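So this one's coords08.csv, CSV, C-alpha atoms:
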chain,number,residue,atom,x,y,z
A,1013,MET,CA,0.5,21.8,-47.6
A,1014,PRO,CA,-3.0,22.0,-46.1
A,1015,GLN,CA,-1.5,22.8,-42.7
A,1016,LEU,CA,-0.5,26.2,-44.0
A,1017,ALA,CA,-3.9,27.2,-45.4
A,1018,ALA,CA,-4.4,30.2,-43.1
A,1019,GLU,CA,-8.1,30.5,-44.0
A,1020,THR,CA,-8.9,27.4,-42.0
A,1021,PHE,CA,-7.0,28.6,-38.9
A,1022,ALA,CA,-9.9,30.5,-37.4
A,1023,SER,CA,-12.3,27.5,-37.6
A,1024,GLN,CA,-9.8,25.1,-36.2
A,1025,LEU,CA,-8.9,27.3,-33.3
A,1026,ILE,CA,-12.6,28.0,-32.5
A,1027,TRP,CA,-13.4,24.3,-32.5
A,1028,LEU,CA,-10.3,23.5,-30.6
A,1029,ALA,CA,-11.4,26.0,-28.0
A,1030,ILE,CA,-15.0,24.7,-27.9
A,1031,THR,CA,-14.1,21.0,-27.7
A,1032,PHE,CA,-11.3,21.6,-25.2
A,1033,VAL,CA,-13.4,23.7,-22.9
A,1034,VAL,CA,-16.3,21.1,-23.1
A,1035,LEU,CA,-13.9,18.3,-22.3
A,1036,TYR,CA,-12.3,20.3,-19.5
A,1037,LEU,CA,-15.8,20.9,-18.0
A,1038,ILE,CA,-16.7,17.3,-18.2
A,1039,MET,CA,-13.4,16.1,-16.7
A,1040,SER,CA,-13.3,18.6,-13.9
A,1041,ARG,CA,-17.0,18.4,-13.0
A,1042,VAL,CA,-17.8,14.8,-13.5
A,1043,VAL,CA,-14.9,12.4,-14.3
A,1044,ILE,CA,-12.2,13.7,-11.9
A,1045,PRO,CA,-14.4,14.0,-8.8
A,1046,ARG,CA,-15.9,10.6,-9.6
A,1047,ILE,CA,-12.5,8.8,-9.9
A,1048,GLY,CA,-11.0,10.8,-7.0
A,1049,GLY,CA,-14.0,10.0,-4.8
A,1050,ILE,CA,-13.7,6.3,-5.5
A,1051,LEU,CA,-10.0,6.3,-4.8
A,1052,GLU,CA,-10.5,8.2,-1.6
A,1053,ASP,CA,-13.3,5.9,-0.6
A,1054,ARG,CA,-11.1,2.9,-1.2
A,1055,GLU,CA,-8.3,4.4,0.8
A,1056,ALA,CA,-10.6,5.3,3.7
A,1057,ARG,CA,-12.1,1.8,3.6
A,1058,ILE,CA,-8.7,0.1,3.6
A,1059,ARG,CA,-7.5,2.4,6.4
A,1060,GLY,CA,-10.7,1.6,8.3
A,1061,ASP,CA,-10.2,-2.1,7.9
A,1062,LEU,CA,-6.6,-1.8,9.0
A,1063,ASP,CA,-7.7,0.1,12.1
A,1064,LYS,CA,-10.3,-2.5,12.8
A,1065,ALA,CA,-7.8,-5.3,12.4
A,1066,GLU,CA,-5.4,-3.5,14.8
A,1067,GLU,CA,-8.2,-3.1,17.3
A,1068,LEU,CA,-9.1,-6.8,17.1
A,1069,LYS,CA,-5.5,-7.7,17.5
A,1070,ALA,CA,-5.3,-5.6,20.6
A,1071,ASP,CA,-8.4,-7.4,21.9
A,1072,ALA,CA,-6.9,-10.8,21.2
A,1073,ASP,CA,-3.6,-9.7,22.9
A,1074,LYS,CA,-5.6,-8.6,25.9
A,1075,ALA,CA,-7.5,-11.8,26.1
A,1076,MET,CA,-4.3,-13.8,25.8
A,1077,ALA,CA,-2.7,-11.7,28.6
A,1078,GLU,CA,-5.7,-12.3,30.8
A,1079,TYR,CA,-5.7,-16.0,30.1
A,1080,GLU,CA,-2.0,-16.2,31.0
A,1081,SER,CA,-2.5,-14.3,34.2
A,1082,ARG,CA,-5.4,-16.5,35.1
A,1083,LEU,CA,-3.3,-19.6,34.4
A,1084,ALA,CA,-0.4,-18.3,36.5
A,1085,GLU,CA,-2.9,-17.5,39.3
A,1086,ALA,CA,-4.4,-21.1,39.1
A,1087,ARG,CA,-0.9,-22.5,39.1
A,1088,ALA,CA,0.1,-20.5,42.2
A,1089,SER,CA,-3.1,-21.5,44.1
A,1090,ALA,CA,-2.5,-25.1,43.1
A,1091,HIS,CA,1.0,-24.9,44.5
A,1092,GLY,CA,-0.4,-23.3,47.7
A,1093,ILE,CA,-2.9,-26.1,48.1
A,1094,ILE,CA,-0.3,-28.8,47.6
A,1095,GLY,CA,2.0,-27.2,50.1
A,1096,GLU,CA,-0.8,-26.9,52.6
A,1097,MET,CA,-1.7,-30.5,52.1
A,1098,LYS,CA,1.9,-31.6,52.6
A,1099,ALA,CA,2.2,-29.7,55.8
A,1100,GLU,CA,-1.1,-31.1,57.1
A,1101,MET,CA,-0.1,-34.6,56.3
A,1102,ALA,CA,3.3,-34.2,57.9
A,1103,ALA,CA,1.7,-32.8,61.0
A,1104,GLU,CA,-0.7,-35.7,61.1
A,1105,THR,CA,2.0,-38.3,60.8
A,1106,GLU,CA,4.0,-36.6,63.4
A,1107,LYS,CA,1.1,-36.6,65.8
A,1108,ARG,CA,0.4,-40.2,65.1
A,1109,ARG,CA,4.0,-41.1,65.6
A,1110,HIS,CA,4.0,-39.2,69.0
A,1111,GLU,CA,0.9,-41.1,70.0
A,1112,ILE,CA,2.3,-44.4,69.1
A,1113,ASP,CA,5.6,-43.6,70.8
A,1114,ALA,CA,3.8,-42.6,74.0
A,1115,ASP,CA,1.6,-45.7,73.9
A,1116,LEU,CA,4.7,-47.9,73.4
A,1117,SER,CA,6.6,-46.3,76.2
A,1118,LYS,CA,3.6,-46.6,78.5
A,1119,ARG,CA,3.2,-50.2,77.7
A,1120,GLN,CA,6.9,-50.8,78.1
A,1121,ALA,CA,6.8,-49.2,81.5
A,1122,GLU,CA,3.9,-51.3,82.4
A,1123,ALA,CA,5.6,-54.5,81.3
A,1124,GLU,CA,8.7,-53.5,83.1
A,1125,SER,CA,6.8,-52.8,86.3
A,1126,ARG,CA,5.1,-56.2,86.0
A,1127,ILE,CA,8.4,-58.0,85.5
A,1128,ALA,CA,9.8,-56.2,88.5
A,1129,GLU,CA,6.7,-57.2,90.6
A,1130,GLN,CA,7.0,-60.8,89.5
A,1131,ARG,CA,10.6,-60.8,90.2
A,1132,GLU,CA,10.0,-59.4,93.6
A,1133,ALA,CA,7.3,-62.0,94.2
A,1134,ALA,CA,9.6,-64.7,92.9
A,1135,LEU,CA,12.4,-63.5,95.2
A,1136,GLY,CA,10.0,-63.3,98.2
A,1137,SER,CA,8.9,-67.0,97.8
A,1138,LEU,CA,12.5,-68.1,97.4
A,1139,ASP,CA,13.2,-67.5,101.1
A,1140,GLU,CA,10.3,-69.6,102.1
A,1141,VAL,CA,11.4,-72.4,99.7
A,1142,ALA,CA,14.9,-72.2,101.1
A,1143,ARG,CA,13.7,-72.3,104.7
A,1144,GLN,CA,11.5,-75.3,104.0
A,1145,ALA,CA,14.2,-77.1,102.1
A,1146,THR,CA,16.8,-76.3,104.8
A,1147,ALA,CA,14.3,-77.5,107.5
A,1148,ALA,CA,13.6,-80.7,105.6
A,1149,VAL,CA,17.4,-81.4,105.1
A,1150,LEU,CA,18.1,-80.8,108.7
A,1151,GLU,CA,15.3,-83.0,109.8
A,1152,ARG,CA,16.6,-85.8,107.6
A,1153,LEU,CA,20.1,-85.4,108.9
A,1154,THR,CA,19.5,-84.6,112.6
A,1155,GLY,CA,15.9,-85.8,113.1
A,1156,LYS,CA,14.9,-82.4,114.4
A,1157,SER,CA,14.9,-78.8,113.3
A,1158,ASP,CA,14.7,-75.6,115.0
A,1159,GLN,CA,12.5,-73.4,112.9
A,1160,ASP,CA,13.9,-70.1,114.2
A,1161,ARG,CA,17.5,-70.9,113.6
A,1162,VAL,CA,16.8,-72.1,110.1
A,1163,ALA,CA,15.0,-68.9,109.3
A,1164,SER,CA,17.8,-66.7,110.6
A,1165,ALA,CA,20.4,-68.8,108.8
A,1166,VAL,CA,18.6,-68.5,105.5
A,1167,ALA,CA,18.1,-64.8,106.1
A,1168,THR,CA,21.8,-64.4,106.7
A,1169,VAL,CA,22.7,-66.3,103.6
A,1170,GLY,CA,20.1,-64.4,101.6
A,1171,GLU,CA,21.5,-61.1,102.8
A,1172,GLY,CA,24.9,-62.1,101.5
A,1173,ARG,CA,23.4,-62.7,98.1
B,1190,MET,CA,2.6,12.4,-56.6
B,1191,ALA,CA,-0.2,14.2,-58.4
B,1192,ALA,CA,-1.3,11.1,-60.1
B,1193,GLY,CA,-5.0,10.8,-59.5
B,1194,GLY,CA,-4.8,13.5,-56.9
B,1195,HIS,CA,-3.7,10.9,-54.3
B,1196,SER,CA,-1.1,13.0,-52.7
B,1197,PRO,CA,0.1,11.7,-49.2
B,1198,LEU,CA,-0.8,15.2,-47.9
B,1199,GLU,CA,-4.4,15.0,-49.1
B,1200,GLN,CA,-5.4,13.3,-45.9
B,1201,PHE,CA,-4.6,16.6,-44.1
B,1202,GLU,CA,-7.1,18.6,-46.2
B,1203,ILE,CA,-9.6,20.5,-44.2
B,1204,LYS,CA,-13.1,20.0,-45.6
B,1205,GLN,CA,-16.1,22.1,-44.6
B,1206,LEU,CA,-19.0,20.0,-43.4
B,1207,ILE,CA,-21.3,22.7,-42.1
B,1208,PRO,CA,-20.3,26.2,-43.4
B,1209,LEU,CA,-20.6,28.7,-40.6
B,1210,ASN,CA,-19.6,32.4,-40.6
B,1211,ALA,CA,-19.4,34.7,-37.7
B,1212,GLY,CA,-18.8,38.4,-38.5
B,1213,GLY,CA,-16.9,37.6,-41.7
B,1214,VAL,CA,-14.7,34.9,-40.0
B,1215,ASP,CA,-15.0,31.4,-41.3
B,1216,ILE,CA,-15.8,29.2,-38.4
B,1217,SER,CA,-17.2,26.3,-40.4
B,1218,PHE,CA,-17.7,22.9,-38.8
B,1219,THR,CA,-15.0,20.9,-40.6
B,1220,ASN,CA,-13.7,17.4,-40.6
B,1221,SER,CA,-11.1,18.5,-38.1
B,1222,ALA,CA,-13.9,19.8,-35.8
B,1223,LEU,CA,-15.8,16.6,-36.2
B,1224,TRP,CA,-12.9,14.5,-35.1
B,1225,MET,CA,-12.2,16.8,-32.1
B,1226,VAL,CA,-15.9,16.3,-31.1
B,1227,ILE,CA,-15.5,12.5,-31.6
B,1228,ALA,CA,-12.3,12.5,-29.6
B,1229,ILE,CA,-13.9,14.3,-26.6
B,1230,ALA,CA,-17.0,12.1,-26.9
B,1231,ALA,CA,-14.8,9.0,-26.9
B,1232,ALA,CA,-12.7,10.2,-23.9
B,1233,THR,CA,-15.8,11.1,-22.0
B,1234,LEU,CA,-17.5,7.8,-22.8
B,1235,LEU,CA,-14.5,5.7,-21.8
B,1236,LEU,CA,-14.0,7.5,-18.5
B,1237,THR,CA,-17.6,7.7,-17.5
B,1238,MET,CA,-18.5,4.2,-18.6
B,1239,GLY,CA,-15.5,2.9,-16.7
B,1240,MET,CA,-16.6,4.7,-13.6
B,1241,ARG,CA,-20.3,3.9,-14.0
B,1242,GLY,CA,-20.1,1.0,-11.5
B,1243,ARG,CA,-18.0,3.0,-8.9
B,1244,ALA,CA,-17.0,-0.4,-7.6
B,1245,MET,CA,-14.8,-0.8,-4.5
B,1246,VAL,CA,-13.0,-3.5,-6.5
B,1247,PRO,CA,-12.5,-2.0,-10.0
B,1248,GLY,CA,-13.3,-3.9,-13.2
B,1249,ARG,CA,-11.2,-3.5,-16.3
B,1250,LEU,CA,-12.5,-0.2,-17.6
B,1251,GLN,CA,-12.6,1.3,-14.1
B,1252,SER,CA,-9.0,0.2,-13.5
B,1253,LEU,CA,-8.1,1.9,-16.8
B,1254,ALA,CA,-9.8,5.1,-15.7
B,1255,GLU,CA,-8.2,4.9,-12.2
B,1256,LEU,CA,-4.8,4.1,-13.6
B,1257,SER,CA,-4.8,7.1,-16.0
B,1258,TYR,CA,-6.0,9.3,-13.1
B,1259,GLU,CA,-3.1,8.2,-10.9
B,1260,PHE,CA,-0.7,8.3,-13.9
B,1261,ILE,CA,-1.4,12.0,-14.5
B,1262,ALA,CA,-1.5,12.7,-10.7
B,1263,ASN,CA,1.9,11.1,-10.2
B,1264,MET,CA,3.3,12.9,-13.3
B,1265,ILE,CA,2.3,16.2,-11.9
B,1266,ARG,CA,3.5,15.4,-8.4
B,1267,ASP,CA,6.9,14.2,-9.6
B,1268,ASN,CA,7.5,16.9,-12.2
B,1269,ALA,CA,5.7,20.0,-10.9
B,1270,GLY,CA,5.6,19.3,-7.1
B,1271,SER,CA,2.6,19.5,-4.8
B,1272,GLY,CA,2.0,23.1,-6.0
B,1273,GLY,CA,0.9,21.7,-9.4
B,1274,LYS,CA,-2.3,20.1,-7.9
B,1275,PRO,CA,-4.7,22.9,-8.8
B,1276,TYR,CA,-3.8,22.4,-12.5
B,1277,PHE,CA,-4.5,18.7,-12.4
B,1278,PRO,CA,-7.9,19.0,-14.3
B,1279,PHE,CA,-6.3,21.0,-17.1
B,1280,LEU,CA,-3.4,18.7,-17.6
B,1281,PHE,CA,-5.7,15.6,-17.3
B,1282,THR,CA,-7.9,17.2,-20.0
B,1283,LEU,CA,-4.8,18.1,-22.1
B,1284,PHE,CA,-3.5,14.5,-22.0
B,1285,PHE,CA,-6.8,12.9,-22.9
B,1286,PHE,CA,-7.5,15.4,-25.6
B,1287,ILE,CA,-4.2,14.9,-27.4
B,1288,LEU,CA,-4.3,11.1,-26.7
B,1289,PHE,CA,-7.7,10.6,-28.3
B,1290,CYS,CA,-7.0,13.0,-31.2
B,1291,ASN,CA,-3.8,11.0,-31.9
B,1292,LEU,CA,-5.3,7.5,-31.4
B,1293,LEU,CA,-8.5,8.1,-33.3
B,1294,GLY,CA,-6.4,9.5,-36.2
B,1295,MET,CA,-5.0,6.0,-36.6
B,1296,ILE,CA,-8.4,4.8,-37.8
B,1297,PRO,CA,-8.4,4.7,-41.6
B,1298,TYR,CA,-10.2,7.6,-43.3
B,1299,SER,CA,-10.3,9.5,-40.1
B,1300,PHE,CA,-8.8,12.9,-39.5
B,1301,THR,CA,-6.1,13.8,-37.0
B,1302,PRO,CA,-6.7,17.3,-35.7
B,1303,THR,CA,-3.2,17.2,-33.9
B,1304,SER,CA,-1.5,16.9,-37.3
B,1305,HIS,CA,-2.3,20.6,-37.9
B,1306,ILE,CA,0.3,23.1,-36.5
B,1307,ILE,CA,-2.4,25.6,-35.7
B,1308,VAL,CA,-4.1,23.2,-33.3
B,1309,THR,CA,-0.9,22.1,-31.5
B,1310,PHE,CA,0.3,25.7,-31.5
B,1311,GLY,CA,-3.0,26.8,-30.0
B,1312,MET,CA,-2.6,24.3,-27.2
B,1313,ALA,CA,1.1,25.1,-26.7
B,1314,LEU,CA,0.3,28.8,-26.6
B,1315,VAL,CA,-2.4,28.3,-23.9
B,1316,VAL,CA,0.2,26.3,-21.8
B,1317,PHE,CA,2.9,28.9,-22.4
B,1318,ILE,CA,0.7,31.9,-21.6
B,1319,GLY,CA,-0.9,30.1,-18.7
B,1320,VAL,CA,2.5,29.1,-17.2
B,1321,THR,CA,3.9,32.6,-17.6
B,1322,ILE,CA,0.8,34.2,-15.9
B,1323,ILE,CA,1.1,31.6,-13.1
B,1324,GLY,CA,4.8,32.3,-12.8
B,1325,PHE,CA,4.3,36.1,-12.3
B,1326,ALA,CA,1.2,35.6,-10.1
B,1327,LYS,CA,3.0,33.2,-7.7
B,1328,ASN,CA,6.5,34.9,-7.7
B,1329,GLY,CA,5.9,38.5,-8.8
B,1330,LEU,CA,8.9,39.9,-10.4
B,1331,GLY,CA,11.0,37.1,-8.8
B,1332,PHE,CA,9.9,35.0,-11.7
B,1333,ILE,CA,12.7,36.8,-13.7
B,1334,ARG,CA,15.1,34.7,-11.7
B,1335,LEU,CA,14.2,31.8,-14.1
B,1336,PHE,CA,16.4,33.5,-16.7
B,1337,VAL,CA,19.4,33.9,-14.3
B,1338,PRO,CA,21.0,30.5,-13.5
B,1339,SER,CA,22.4,30.5,-10.0
B,1340,GLY,CA,26.1,29.8,-9.2
B,1341,VAL,CA,27.3,31.1,-12.6
B,1342,PRO,CA,30.1,33.7,-12.8
B,1343,ILE,CA,28.9,37.2,-13.7
B,1344,PRO,CA,30.6,37.5,-17.1
B,1345,LEU,CA,29.0,34.2,-18.2
B,1346,LEU,CA,25.6,35.6,-17.4
B,1347,PHE,CA,25.8,38.0,-20.3
B,1348,ILE,CA,25.8,35.0,-22.6
B,1349,LEU,CA,23.5,32.7,-20.5
B,1350,VAL,CA,20.7,35.1,-19.8
B,1351,PRO,CA,19.9,35.8,-23.5
B,1352,ILE,CA,20.1,32.0,-24.1
B,1353,GLU,CA,17.7,31.3,-21.3
B,1354,ILE,CA,15.3,34.0,-22.5
B,1355,ILE,CA,15.3,32.7,-26.1
B,1356,SER,CA,14.9,29.1,-24.9
B,1357,TYR,CA,11.9,30.2,-22.8
B,1358,PHE,CA,10.2,31.9,-25.7
B,1359,VAL,CA,11.0,29.1,-28.1
B,1360,ARG,CA,9.0,26.7,-25.8
B,1361,PRO,CA,5.6,27.1,-27.4
B,1362,ILE,CA,7.1,26.6,-30.8
B,1363,SER,CA,9.1,23.5,-29.9
B,1364,LEU,CA,6.2,22.1,-27.9
B,1365,SER,CA,3.7,22.5,-30.8
B,1366,LEU,CA,6.2,21.5,-33.6
B,1367,ARG,CA,7.1,18.3,-31.8
B,1368,LEU,CA,3.5,17.0,-31.7
B,1369,PHE,CA,2.5,18.3,-35.1
B,1370,ALA,CA,5.6,17.0,-36.9
B,1371,ASN,CA,5.3,13.6,-35.3
B,1372,MET,CA,1.7,13.2,-36.3
B,1373,MET,CA,2.1,14.6,-39.8
B,1374,ALA,CA,5.3,12.6,-40.5
B,1375,GLY,CA,3.7,9.4,-39.2
B,1376,HIS,CA,0.6,9.7,-41.2
B,1377,THR,CA,2.5,10.8,-44.4
B,1378,MET,CA,4.7,7.7,-44.0
B,1379,LEU,CA,1.7,5.5,-43.7
B,1380,LYS,CA,0.2,7.0,-46.7
B,1381,VAL,CA,3.4,6.7,-48.8
B,1382,PHE,CA,3.9,3.1,-47.9
B,1383,GLY,CA,0.2,2.4,-48.5
B,1384,GLY,CA,0.7,3.9,-52.0
B,1385,PHE,CA,3.7,1.5,-52.5
B,1386,VAL,CA,1.6,-1.5,-51.6
B,1387,ILE,CA,-0.9,-0.5,-54.4
B,1388,SER,CA,1.7,0.5,-57.0
B,1389,LEU,CA,3.8,-2.6,-56.5
B,1390,GLY,CA,0.7,-4.8,-56.7
B,1391,PHE,CA,0.1,-8.4,-55.7
B,1392,VAL,CA,3.6,-9.5,-56.6
B,1393,ALA,CA,6.0,-7.2,-54.7
B,1394,GLY,CA,3.5,-5.3,-52.5
B,1395,TRP,CA,3.9,-7.6,-49.6
B,1396,ALA,CA,7.2,-6.1,-48.4
B,1397,PRO,CA,5.8,-2.6,-47.9
B,1398,LEU,CA,2.6,-4.1,-46.5
B,1399,ALA,CA,4.6,-5.9,-43.8
B,1400,PHE,CA,6.4,-2.6,-43.1
B,1401,LEU,CA,3.1,-0.8,-43.0
B,1402,VAL,CA,1.8,-3.2,-40.3
B,1403,ALA,CA,5.0,-2.6,-38.2
B,1404,LEU,CA,4.7,1.2,-38.8
B,1405,THR,CA,1.1,1.2,-37.7
B,1406,GLY,CA,2.2,-0.3,-34.4
B,1407,LEU,CA,4.9,2.2,-34.0
B,1408,GLU,CA,2.5,5.1,-34.9
B,1409,ILE,CA,0.1,3.9,-32.2
B,1410,GLY,CA,3.0,4.0,-29.7
B,1411,ILE,CA,4.0,7.5,-30.9
B,1412,ALA,CA,0.4,8.6,-30.6
B,1413,MET,CA,0.5,7.7,-26.9
B,1414,LEU,CA,4.1,8.9,-26.4
B,1415,GLN,CA,3.5,12.3,-27.8
B,1416,ALA,CA,0.4,12.9,-25.7
B,1417,TYR,CA,2.6,11.9,-22.7
B,1418,VAL,CA,5.5,14.1,-23.8
B,1419,PHE,CA,3.3,17.2,-24.4
B,1420,THR,CA,1.7,16.7,-20.9
B,1421,ILE,CA,5.0,16.1,-19.1
B,1422,LEU,CA,6.7,19.1,-20.7
B,1423,SER,CA,3.7,21.2,-19.6
B,1424,CYS,CA,4.3,19.8,-16.1
B,1425,LEU,CA,8.0,20.8,-16.3
B,1426,TYR,CA,7.1,24.3,-17.5
B,1427,LEU,CA,4.6,24.5,-14.6
B,1428,HIS,CA,7.4,23.5,-12.3
B,1429,ASP,CA,9.6,26.4,-13.6
B,1430,ALA,CA,6.7,28.8,-13.0
B,1431,LEU,CA,6.2,27.5,-9.4
B,1432,HIS,CA,9.9,27.3,-8.5
B,1433,PRO,CA,11.8,29.7,-10.7
B,1434,GLY,CA,15.1,29.4,-8.9
B,1435,HIS,CA,17.4,27.0,-10.7

Could you show the structure in this file as structure tokens?
Amino acid sequence: MPQLAAETFASQLIWLAITFVVLYLIMSRVVIPRIGGILEDREARIRGDLDKAEELKADADKAMAEYESRLAEARASAHGIIGEMKAEMAAETEKRRHEIDADLSKRQAEAESRIAEQREAALGSLDEVARQATAAVLERLTGKSDQDRVASAVATVGEGR
Amino acid sequence: MAAGGHSPLEQFEIKQLIPLNAGGVDISFTNSALWMVIAIAAATLLLTMGMRGRAMVPGRLQSLAELSYEFIANMIRDNAGSGGKPYFPFLFTLFFFILFCNLLGMIPYSFTPTSHIIVTFGMALVVFIGVTIIGFAKNGLGFIRLFVPSGVPIPLLFILVPIEIISYFVRPISLSLRLFANMMAGHTMLKVFGGFVISLGFVAGWAPLAFLVALTGLEIGIAMLQAYVFTILSCLYLHDALHPGH
């Protein structure tokens, strides 16, 4: 069995030591730092990207909140304007109504006073008509008429009215 | 199996390529040494070529390099804890050295350095001595607690402590024998069945050939598995050294 040929042991061990140490130096000095560096870089990059995404998301959230607050503000101010307009319009109509009311009642009063005047006038001329009619009737019947007595009689009758 | 000198064990023969001698000790550059050099060159090439681009989004080779890095890193973290981190370069080297020696040995006419007990024992001994030194350096004499299982009745300790001590000192032997035996058995089997293919000839040689194909697949699996097993056991021994209390 060649594995038990002790005279080859020294050479095998020496070359095992040489090659192993050489490989160890290459791995620990070159290969491992290189791979480790790349892995670290990638991790850092991914972490950085995630941080950035987080930041951008916060920004977007902020913008959204601002937009919403602005919207609410605009809505509130629109409500205010509408309320104001409503109140203004109501006041205007009320005022107009008052004016028309006043005008109407004034005109009514005027009309009433005119009616009363005309009625007064009409009543005043009634006495005269009654007197003349009475005098004319008397003159037809009696042939003469006493103006004064006719007047007092008409007045008496008129008073009883 | 002496016919024509084609013994299945012939493939394990150490052949001198460049005879060297240092102070009466034969340290010749042999076929074993050549394939160790090829193995470390291939491992270096694969891992440096893969990382040449250092791309943020890795390509195929870079993914392979990164995956093996994370594979070993996770193995150490899971089995040895966070204290195992300083030994990451050593275990990474150990894994790739064994993996490439095993895998390159699957190439026909190549040589498998890990099929020699002295090579696997050398590595196992480095792990064993290193772990023992780390154990005493980190825990002082508290490392002795490793041999005393906790929560065991005192009388039982008289039996258990010797068992623990023996099992501790058997570690380098079991660790090296496992790798060596797997490699040697696998390659011997391949050679034996290869011999069957030839001796049975064109008529009946197909059956062992089909088996040979399947066996080659299995051996490639074993080549990777044994590299993994060697490394993970080293991680577990390291865990014992860092946390000796059972």

*Distance in Å - atom CA of Pro1361 of chain B versus atom CA of Tyr1258 of chain B*: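 These atoms are spaced 25.6 Å apart.
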
_Between atom CA of Trp1027 of chain A and atom CA of Asn1210 of chain B - distance in Å to one decimal_ =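 So the two atoms, atom CA of Asn1210 of chain B and atom CA of Trp1027 of chain A, lie 13.0 Å apart.
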
*Between B:Phe1358, B:Tyr1417, B:Phe1400, B:Trp1224, which has the minimum distance to chain A (counting only C-alpha atoms)?*
B:Trp1224

_Atomic separation - atom CA of Gly1410 of chain B relative to atom CA of Leu1250 of chain B, Å_ =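 Atom-to-atom, atom CA of Leu1250 of chain B and atom CA of Gly1410 of chain B are spaced 20.1 Å apart.
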
*Tell me which protein, DNA and RNA residues are within 12 Å of Glu1140 of chain A, counting all atoms listed in the file, leaving out same-chain ones fewer than 6 positions away, and put them as an MDAnalysis selection string.*
chainID A and resid 1133:1134 1146:1147 1159 1162:1164 1166:1167 1170

Store the residues of this selection in a file with C-alpha atoms, as a short mmCIF file (atom, residue, chain, number, x, y, z; two decimals), in the frame of the given file.
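The resulting file, result_27.cif, is reproduced below:
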data_model
loop_
_atom_site.label_atom_id
_atom_site.label_comp_id
_atom_site.auth_asym_id
_atom_site.auth_seq_id
_atom_site.Cartn_x
_atom_site.Cartn_y
_atom_site.Cartn_z
CA ALA A 1133 7.30 -62.00 94.20
CA ALA A 1134 9.60 -64.70 92.90
CA THR A 1146 16.80 -76.30 104.80
CA ALA A 1147 14.30 -77.50 107.50
CA GLN A 1159 12.50 -73.40 112.90
CA VAL A 1162 16.80 -72.10 110.10
CA ALA A 1163 15.00 -68.90 109.30
CA SER A 1164 17.80 -66.70 110.60
CA VAL A 1166 18.60 -68.50 105.50
CA ALA A 1167 18.10 -64.80 106.10
CA GLY A 1170 20.10 -64.40 101.60
#

*Nearby residues (all atoms listed in the file) at most 7 Å from segment 1265-1269 of chain B, same-chain spacing under 3 positions excluded, as a ChimeraX atom specification*: /B:1261-1262,1272-1273,1424-1425,1427-1428

*asked:* So that I can see what lies close to segment 1287-1293 of chain B, please list as an MDAnalysis selection string the residues with an atom at most 6 Å from it, counting only C-alpha atoms and leaving out residues fewer than 3 positions away in the same chain.
replied: chainID B and resid 1228 1284 1296 1301 1412:1413 1416
